[in-house]
Amino acid sequence: MNAGASSQADGAGEHPKGRVVFAIQLKPGLKDQFLEAYESIRYEVAQGVKGHIADQVCQAPDDPEAWLITSEWESLDDFLTWESTEEHRELAKPLRECMAEARSFKYVVREETRAPAHSA
């Protein structure tokens, strides 16, 4: 394995990282409301939810209503625990109000490869 690669199966033991992907189709015309809702909760989640590492909100270049929210977790169990709380339902409510449809996908990270750090 090269210097930039790391094996999650070997390095993370019994609790590999989790990846959660929400594929979202917004209701027409609600992009700004959706982004405002995301902005209003993103730092609260990043600073206050156990196990949260990072998230991204992404828009399809060819469909302005098609979005993804991806998040990385110390373990998938951390996400599942948080997802089951009333706090999660309340925080996600403004986002859900903008969605025509959404699907979620949950994964356990088995392998991860990163580019080596660049020296300045």
# chains A, B, ... in the order shown; residues from 1 in each chain; ligands from 1

call {"tool": "select_by_dssp", "arguments": {"residues": "chain A", "states": "alpha helix (DSSP H)", "output": "PyMOL selection string"}}
result
chain A and resi 8-11+31-48+76-83+86-96

call {"tool": "write_last_selection", "arguments": {"atoms": "C-alpha atoms", "output": "compact mmCIF listing (two decimals), in the first residue's frame"}}
result
# COMPACT_ATOMS: atom_id res chain seq x y z
CA GLN A 8 -9.97 1.24 7.64
CA ALA A 9 -10.48 -2.45 8.25
CA ASP A 10 -7.02 -2.72 9.84
CA GLY A 11 -6.69 0.75 11.37
CA LYS A 31 -32.96 26.18 -3.27
CA ASP A 32 -32.38 29.32 -1.19
CA GLN A 33 -34.63 28.08 1.63
CA PHE A 34 -32.84 24.73 1.59
CA LEU A 35 -29.39 26.36 1.77
CA GLU A 36 -30.53 28.67 4.59
CA ALA A 37 -31.82 25.66 6.52
CA TYR A 38 -28.54 23.82 5.98
CA GLU A 39 -26.53 26.88 7.04
CA SER A 40 -28.60 27.25 10.21
CA ILE A 41 -27.71 23.75 11.48
CA ARG A 42 -24.35 22.79 10.01
CA TYR A 43 -22.13 24.23 12.74
CA GLU A 44 -24.41 22.96 15.50
CA VAL A 45 -24.02 19.44 14.12
CA ALA A 46 -20.28 19.82 13.49
CA GLN A 47 -19.58 21.10 17.00
CA GLY A 48 -22.12 19.23 19.07
CA LEU A 76 -21.94 4.39 11.65
CA ASP A 77 -23.35 3.70 15.12
CA ASP A 78 -22.69 7.34 16.07
CA PHE A 79 -24.88 8.49 13.18
CA LEU A 80 -27.61 5.92 13.85
CA THR A 81 -27.74 6.92 17.51
CA TRP A 82 -28.07 10.60 16.62
CA GLU A 83 -30.58 9.92 13.83
CA GLU A 86 -35.77 14.09 18.75
CA GLU A 87 -32.99 16.67 18.35
CA HIS A 88 -32.15 15.22 14.92
CA ARG A 89 -35.79 15.31 13.82
CA GLU A 90 -36.13 18.94 14.91
CA LEU A 91 -32.88 20.05 13.26
CA ALA A 92 -33.69 18.26 10.00
CA LYS A 93 -37.31 19.47 9.80
CA PRO A 94 -36.57 22.74 7.91
CA LEU A 95 -34.48 20.77 5.39
CA ARG A 96 -37.19 18.15 4.90

call {"tool": "residues_around", "arguments": {"residues": "Pro64 of chain A", "least_positions_apart": "6", "cutoff": "12 Å", "atoms": "only C-alpha atoms", "output": "PDB file with all heavy atoms, in the first residue's frame"}}
result
ATOM      1  N   ILE A  24     -31.221  13.967  -2.695  1.00  0.00           N
ATOM      2  CA  ILE A  24     -32.378  14.836  -2.474  1.00  0.00           C
ATOM      3  C   ILE A  24     -32.838  15.457  -3.782  1.00  0.00           C
ATOM      4  O   ILE A  24     -32.013  15.922  -4.577  1.00  0.00           O
ATOM      5  CB  ILE A  24     -32.003  15.964  -1.487  1.00  0.00           C
ATOM      6  CG1 ILE A  24     -31.569  15.370  -0.148  1.00  0.00           C
ATOM      7  CG2 ILE A  24     -33.138  16.968  -1.334  1.00  0.00           C
ATOM      8  CD1 ILE A  24     -30.776  16.328   0.716  1.00  0.00           C
ATOM      9  N   GLN A  25     -34.134  15.497  -3.975  1.00  0.00           N
ATOM     10  CA  GLN A  25     -34.744  16.276  -5.047  1.00  0.00           C
ATOM     11  C   GLN A  25     -35.557  17.369  -4.360  1.00  0.00           C
ATOM     12  O   GLN A  25     -36.473  17.070  -3.591  1.00  0.00           O
ATOM     13  CB  GLN A  25     -35.652  15.384  -5.917  1.00  0.00           C
ATOM     14  CG  GLN A  25     -36.103  16.034  -7.191  1.00  0.00           C
ATOM     15  CD  GLN A  25     -34.975  16.214  -8.206  1.00  0.00           C
ATOM     16  OE1 GLN A  25     -34.003  15.473  -8.221  1.00  0.00           O
ATOM     17  NE2 GLN A  25     -35.094  17.219  -9.037  1.00  0.00           N
ATOM     18  N   LEU A  26     -35.168  18.620  -4.579  1.00  0.00           N
ATOM     19  CA  LEU A  26     -35.868  19.727  -3.943  1.00  0.00           C
ATOM     20  C   LEU A  26     -37.186  20.041  -4.644  1.00  0.00           C
ATOM     21  O   LEU A  26     -37.336  19.784  -5.841  1.00  0.00           O
ATOM     22  CB  LEU A  26     -35.007  20.998  -3.964  1.00  0.00           C
ATOM     23  CG  LEU A  26     -33.727  20.983  -3.151  1.00  0.00           C
ATOM     24  CD1 LEU A  26     -33.036  22.342  -3.267  1.00  0.00           C
ATOM     25  CD2 LEU A  26     -33.998  20.655  -1.695  1.00  0.00           C
ATOM     26  N   LYS A  27     -38.099  20.614  -3.892  1.00  0.00           N
ATOM     27  CA  LYS A  27     -39.294  21.190  -4.496  1.00  0.00           C
ATOM     28  C   LYS A  27     -38.833  22.384  -5.328  1.00  0.00           C
ATOM     29  O   LYS A  27     -37.918  23.109  -4.919  1.00  0.00           O
ATOM     30  CB  LYS A  27     -40.277  21.636  -3.413  1.00  0.00           C
ATOM     31  CG  LYS A  27     -40.822  20.494  -2.577  1.00  0.00           C
ATOM     32  CD  LYS A  27     -41.664  21.029  -1.426  1.00  0.00           C
ATOM     33  CE  LYS A  27     -42.114  19.904  -0.518  1.00  0.00           C
ATOM     34  NZ  LYS A  27     -42.777  20.409   0.701  1.00  0.00           N
ATOM     35  N   PRO A  28     -39.435  22.605  -6.488  1.00  0.00           N
ATOM     36  CA  PRO A  28     -38.997  23.712  -7.344  1.00  0.00           C
ATOM     37  C   PRO A  28     -39.014  25.049  -6.604  1.00  0.00           C
ATOM     38  O   PRO A  28     -39.939  25.357  -5.852  1.00  0.00           O
ATOM     39  CB  PRO A  28     -40.023  23.711  -8.486  1.00  0.00           C
ATOM     40  CG  PRO A  28     -40.508  22.290  -8.533  1.00  0.00           C
ATOM     41  CD  PRO A  28     -40.508  21.823  -7.098  1.00  0.00           C
ATOM     42  N   GLY A  29     -37.942  25.811  -6.817  1.00  0.00           N
ATOM     43  CA  GLY A  29     -37.858  27.152  -6.269  1.00  0.00           C
ATOM     44  C   GLY A  29     -37.444  27.257  -4.811  1.00  0.00           C
ATOM     45  O   GLY A  29     -37.454  28.353  -4.253  1.00  0.00           O
ATOM     46  N   LEU A  30     -37.065  26.140  -4.170  1.00  0.00           N
ATOM     47  CA  LEU A  30     -36.733  26.195  -2.744  1.00  0.00           C
ATOM     48  C   LEU A  30     -35.234  26.066  -2.450  1.00  0.00           C
ATOM     49  O   LEU A  30     -34.832  25.806  -1.324  1.00  0.00           O
ATOM     50  CB  LEU A  30     -37.517  25.130  -1.979  1.00  0.00           C
ATOM     51  CG  LEU A  30     -39.028  25.339  -1.928  1.00  0.00           C
ATOM     52  CD1 LEU A  30     -39.687  24.306  -1.028  1.00  0.00           C
ATOM     53  CD2 LEU A  30     -39.372  26.745  -1.444  1.00  0.00           C
ATOM     54  N   LYS A  31     -34.401  26.286  -3.461  1.00  0.00           N
ATOM     55  CA  LYS A  31     -32.955  26.175  -3.265  1.00  0.00           C
ATOM     56  C   LYS A  31     -32.468  27.105  -2.157  1.00  0.00           C
ATOM     57  O   LYS A  31     -31.727  26.681  -1.271  1.00  0.00           O
ATOM     58  CB  LYS A  31     -32.210  26.484  -4.562  1.00  0.00           C
ATOM     59  CG  LYS A  31     -30.690  26.435  -4.394  1.00  0.00           C
ATOM     60  CD  LYS A  31     -29.978  26.887  -5.641  1.00  0.00           C
ATOM     61  CE  LYS A  31     -29.768  28.380  -5.514  1.00  0.00           C
ATOM     62  NZ  LYS A  31     -28.834  28.984  -6.436  1.00  0.00           N
ATOM     63  N   ASP A  32     -32.856  28.380  -2.195  1.00  0.00           N
ATOM     64  CA  ASP A  32     -32.376  29.324  -1.188  1.00  0.00           C
ATOM     65  C   ASP A  32     -32.851  28.941   0.210  1.00  0.00           C
ATOM     66  O   ASP A  32     -32.090  29.007   1.178  1.00  0.00           O
ATOM     67  CB  ASP A  32     -32.820  30.749  -1.527  1.00  0.00           C
ATOM     68  CG  ASP A  32     -32.101  31.298  -2.751  1.00  0.00           C
ATOM     69  OD1 ASP A  32     -31.036  30.751  -3.130  1.00  0.00           O
ATOM     70  OD2 ASP A  32     -32.608  32.269  -3.346  1.00  0.00           O
ATOM     71  N   CYS A  58     -23.903  19.174  -1.830  1.00  0.00           N
ATOM     72  CA  CYS A  58     -23.482  19.190  -3.228  1.00  0.00           C
ATOM     73  C   CYS A  58     -24.702  19.340  -4.131  1.00  0.00           C
ATOM     74  O   CYS A  58     -25.748  18.744  -3.869  1.00  0.00           O
ATOM     75  CB  CYS A  58     -22.775  17.883  -3.588  1.00  0.00           C
ATOM     76  SG  CYS A  58     -21.473  17.388  -2.441  1.00  0.00           S
TER      77      CYS A  58
END

call {"tool": "residues_around", "arguments": {"residues": "Val21 of chain A", "least_positions_apart": "5", "cutoff": "8 Å", "atoms": "only C-alpha atoms", "output": "MDAnalysis selection string"}}
result
chainID A and resid 68:71 104:106

call {"tool": "write_last_selection", "arguments": {"atoms": "N, CA and C atoms", "output": "PDB file, in the first residue's frame"}}
result
ATOM      1  N   LEU A  68     -27.040  16.416  -2.975  1.00  0.00           N
ATOM      2  CA  LEU A  68     -26.547  15.378  -2.069  1.00  0.00           C
ATOM      3  C   LEU A  68     -26.078  16.055  -0.795  1.00  0.00           C
ATOM      4  N   ILE A  69     -26.341  15.408   0.308  1.00  0.00           N
ATOM      5  CA  ILE A  69     -25.657  15.747   1.550  1.00  0.00           C
ATOM      6  C   ILE A  69     -24.913  14.489   1.951  1.00  0.00           C
ATOM      7  N   THR A  70     -23.597  14.604   2.088  1.00  0.00           N
ATOM      8  CA  THR A  70     -22.800  13.469   2.541  1.00  0.00           C
ATOM      9  C   THR A  70     -22.202  13.821   3.893  1.00  0.00           C
ATOM     10  N   SER A  71     -22.095  12.829   4.745  1.00  0.00           N
ATOM     11  CA  SER A  71     -21.453  13.066   6.035  1.00  0.00           C
ATOM     12  C   SER A  71     -20.573  11.883   6.400  1.00  0.00           C
ATOM     13  N   SER A 104     -31.852   7.881   1.623  1.00  0.00           N
ATOM     14  CA  SER A 104     -30.607   7.858   2.384  1.00  0.00           C
ATOM     15  C   SER A 104     -29.911   6.519   2.191  1.00  0.00           C
ATOM     16  N   PHE A 105     -28.596   6.595   2.201  1.00  0.00           N
ATOM     17  CA  PHE A 105     -27.744   5.426   2.050  1.00  0.00           C
ATOM     18  C   PHE A 105     -26.698   5.490   3.154  1.00  0.00           C
ATOM     19  N   LYS A 106     -26.502   4.382   3.834  1.00  0.00           N
ATOM     20  CA  LYS A 106     -25.561   4.325   4.947  1.00  0.00           C
ATOM     21  C   LYS A 106     -24.531   3.240   4.664  1.00  0.00           C
TER      22      LYS A 106
END

call {"tool": "select_by_dssp", "arguments": {"residues": "chain A", "states": "strand (DSSP E or B)", "output": "PyMOL selection string"}}
result
chain A and resi 5-6+18-26+52-59+66-73+99-108+112-113

call {"tool": "write_last_selection", "arguments": {"atoms": "N, CA and C atoms", "output": "mmCIF file, in the first residue's frame"}}
result
data_model
loop_
_atom_site.group_PDB
_atom_site.id
_atom_site.type_symbol
_atom_site.label_atom_id
_atom_site.label_comp_id
_atom_site.auth_asym_id
_atom_site.auth_seq_id
_atom_site.Cartn_x
_atom_site.Cartn_y
_atom_site.Cartn_z
ATOM 1 N N ALA A 5 -2.178 5.779 1.508
ATOM 2 C CA ALA A 5 -3.316 4.889 1.726
ATOM 3 C C ALA A 5 -3.381 4.448 3.177
ATOM 4 N N SER A 6 -4.588 4.223 3.637
ATOM 5 C CA SER A 6 -4.761 3.643 4.963
ATOM 6 C C SER A 6 -5.918 2.673 4.902
ATOM 7 N N GLY A 18 -18.127 5.700 9.341
ATOM 8 C CA GLY A 18 -19.364 5.583 8.593
ATOM 9 C C GLY A 18 -19.495 6.708 7.582
ATOM 10 N N ARG A 19 -20.174 6.436 6.492
ATOM 11 C CA ARG A 19 -20.478 7.430 5.470
ATOM 12 C C ARG A 19 -21.982 7.387 5.244
ATOM 13 N N VAL A 20 -22.611 8.556 5.283
ATOM 14 C CA VAL A 20 -24.052 8.653 5.062
ATOM 15 C C VAL A 20 -24.268 9.592 3.885
ATOM 16 N N VAL A 21 -25.117 9.176 2.949
ATOM 17 C CA VAL A 21 -25.404 9.969 1.756
ATOM 18 C C VAL A 21 -26.914 10.142 1.654
ATOM 19 N N PHE A 22 -27.350 11.389 1.542
ATOM 20 C CA PHE A 22 -28.755 11.689 1.289
ATOM 21 C C PHE A 22 -28.860 12.236 -0.124
ATOM 22 N N ALA A 23 -29.586 11.541 -0.986
ATOM 23 C CA ALA A 23 -29.870 11.997 -2.346
ATOM 24 C C ALA A 23 -31.218 12.706 -2.297
ATOM 25 N N ILE A 24 -31.221 13.967 -2.695
ATOM 26 C CA ILE A 24 -32.378 14.836 -2.474
ATOM 27 C C ILE A 24 -32.838 15.457 -3.782
ATOM 28 N N GLN A 25 -34.134 15.497 -3.975
ATOM 29 C CA GLN A 25 -34.744 16.276 -5.047
ATOM 30 C C GLN A 25 -35.557 17.369 -4.360
ATOM 31 N N LEU A 26 -35.168 18.620 -4.579
ATOM 32 C CA LEU A 26 -35.868 19.727 -3.943
ATOM 33 C C LEU A 26 -37.186 20.041 -4.644
ATOM 34 N N HIS A 52 -19.483 13.026 14.725
ATOM 35 C CA HIS A 52 -19.533 13.706 13.427
ATOM 36 C C HIS A 52 -18.135 14.194 13.060
ATOM 37 N N ILE A 53 -17.694 13.894 11.837
ATOM 38 C CA ILE A 53 -16.384 14.327 11.359
ATOM 39 C C ILE A 53 -16.532 15.475 10.364
ATOM 40 N N ALA A 54 -17.347 15.282 9.338
ATOM 41 C CA ALA A 54 -17.474 16.291 8.283
ATOM 42 C C ALA A 54 -18.739 16.032 7.486
ATOM 43 N N ASP A 55 -19.183 17.071 6.802
ATOM 44 C CA ASP A 55 -20.266 16.880 5.844
ATOM 45 C C ASP A 55 -20.082 17.821 4.676
ATOM 46 N N GLN A 56 -20.768 17.526 3.595
ATOM 47 C CA GLN A 56 -20.745 18.337 2.385
ATOM 48 C C GLN A 56 -22.151 18.407 1.833
ATOM 49 N N VAL A 57 -22.503 19.559 1.285
ATOM 50 C CA VAL A 57 -23.750 19.688 0.542
ATOM 51 C C VAL A 57 -23.335 19.939 -0.913
ATOM 52 N N CYS A 58 -23.903 19.174 -1.830
ATOM 53 C CA CYS A 58 -23.482 19.190 -3.228
ATOM 54 C C CYS A 58 -24.702 19.340 -4.131
ATOM 55 N N GLN A 59 -24.543 20.114 -5.207
ATOM 56 C CA GLN A 59 -25.617 20.314 -6.178
ATOM 57 C C GLN A 59 -25.202 19.708 -7.509
ATOM 58 N N ALA A 66 -31.464 18.815 -7.870
ATOM 59 C CA ALA A 66 -30.864 17.557 -7.387
ATOM 60 C C ALA A 66 -29.652 17.859 -6.509
ATOM 61 N N TRP A 67 -29.679 17.358 -5.280
ATOM 62 C CA TRP A 67 -28.646 17.642 -4.288
ATOM 63 C C TRP A 67 -28.216 16.365 -3.574
ATOM 64 N N LEU A 68 -27.040 16.416 -2.975
ATOM 65 C CA LEU A 68 -26.547 15.378 -2.069
ATOM 66 C C LEU A 68 -26.078 16.055 -0.795
ATOM 67 N N ILE A 69 -26.341 15.408 0.308
ATOM 68 C CA ILE A 69 -25.657 15.747 1.550
ATOM 69 C C ILE A 69 -24.913 14.489 1.951
ATOM 70 N N THR A 70 -23.597 14.604 2.088
ATOM 71 C CA THR A 70 -22.800 13.469 2.541
ATOM 72 C C THR A 70 -22.202 13.821 3.893
ATOM 73 N N SER A 71 -22.095 12.829 4.745
ATOM 74 C CA SER A 71 -21.453 13.066 6.035
ATOM 75 C C SER A 71 -20.573 11.883 6.400
ATOM 76 N N GLU A 72 -19.519 12.199 7.123
ATOM 77 C CA GLU A 72 -18.560 11.203 7.578
ATOM 78 C C GLU A 72 -18.621 11.168 9.098
ATOM 79 N N TRP A 73 -18.585 9.952 9.643
ATOM 80 C CA TRP A 73 -18.760 9.739 11.086
ATOM 81 C C TRP A 73 -17.656 8.833 11.608
ATOM 82 N N MET A 99 -37.857 19.400 0.535
ATOM 83 C CA MET A 99 -37.606 18.228 -0.291
ATOM 84 C C MET A 99 -38.874 17.668 -0.920
ATOM 85 N N ALA A 100 -38.787 17.410 -2.227
ATOM 86 C CA ALA A 100 -39.855 16.688 -2.916
ATOM 87 C C ALA A 100 -39.690 15.189 -2.658
ATOM 88 N N GLU A 101 -38.446 14.739 -2.622
ATOM 89 C CA GLU A 101 -38.144 13.347 -2.297
ATOM 90 C C GLU A 101 -36.710 13.249 -1.801
ATOM 91 N N ALA A 102 -36.440 12.205 -1.029
ATOM 92 C CA ALA A 102 -35.089 11.990 -0.509
ATOM 93 C C ALA A 102 -34.893 10.504 -0.235
ATOM 94 N N ARG A 103 -33.672 10.064 -0.464
ATOM 95 C CA ARG A 103 -33.286 8.691 -0.135
ATOM 96 C C ARG A 103 -31.984 8.759 0.645
ATOM 97 N N SER A 104 -31.852 7.881 1.623
ATOM 98 C CA SER A 104 -30.607 7.858 2.384
ATOM 99 C C SER A 104 -29.911 6.519 2.191
ATOM 100 N N PHE A 105 -28.596 6.595 2.201
ATOM 101 C CA PHE A 105 -27.744 5.426 2.050
ATOM 102 C C PHE A 105 -26.698 5.490 3.154
ATOM 103 N N LYS A 106 -26.502 4.382 3.834
ATOM 104 C CA LYS A 106 -25.561 4.325 4.947
ATOM 105 C C LYS A 106 -24.531 3.240 4.664
ATOM 106 N N TYR A 107 -23.274 3.589 4.881
ATOM 107 C CA TYR A 107 -22.180 2.675 4.573
ATOM 108 C C TYR A 107 -21.160 2.652 5.704
ATOM 109 N N VAL A 108 -20.449 1.546 5.808
ATOM 110 C CA VAL A 108 -19.286 1.412 6.671
ATOM 111 C C VAL A 108 -18.071 1.556 5.757
ATOM 112 N N GLU A 112 -9.736 3.434 2.717
ATOM 113 C CA GLU A 112 -9.661 4.862 2.430
ATOM 114 C C GLU A 112 -8.271 5.175 1.907
ATOM 115 N N THR A 113 -8.200 5.938 0.847
ATOM 116 C CA THR A 113 -6.935 6.375 0.277
ATOM 117 C C THR A 113 -6.961 7.888 0.182
#
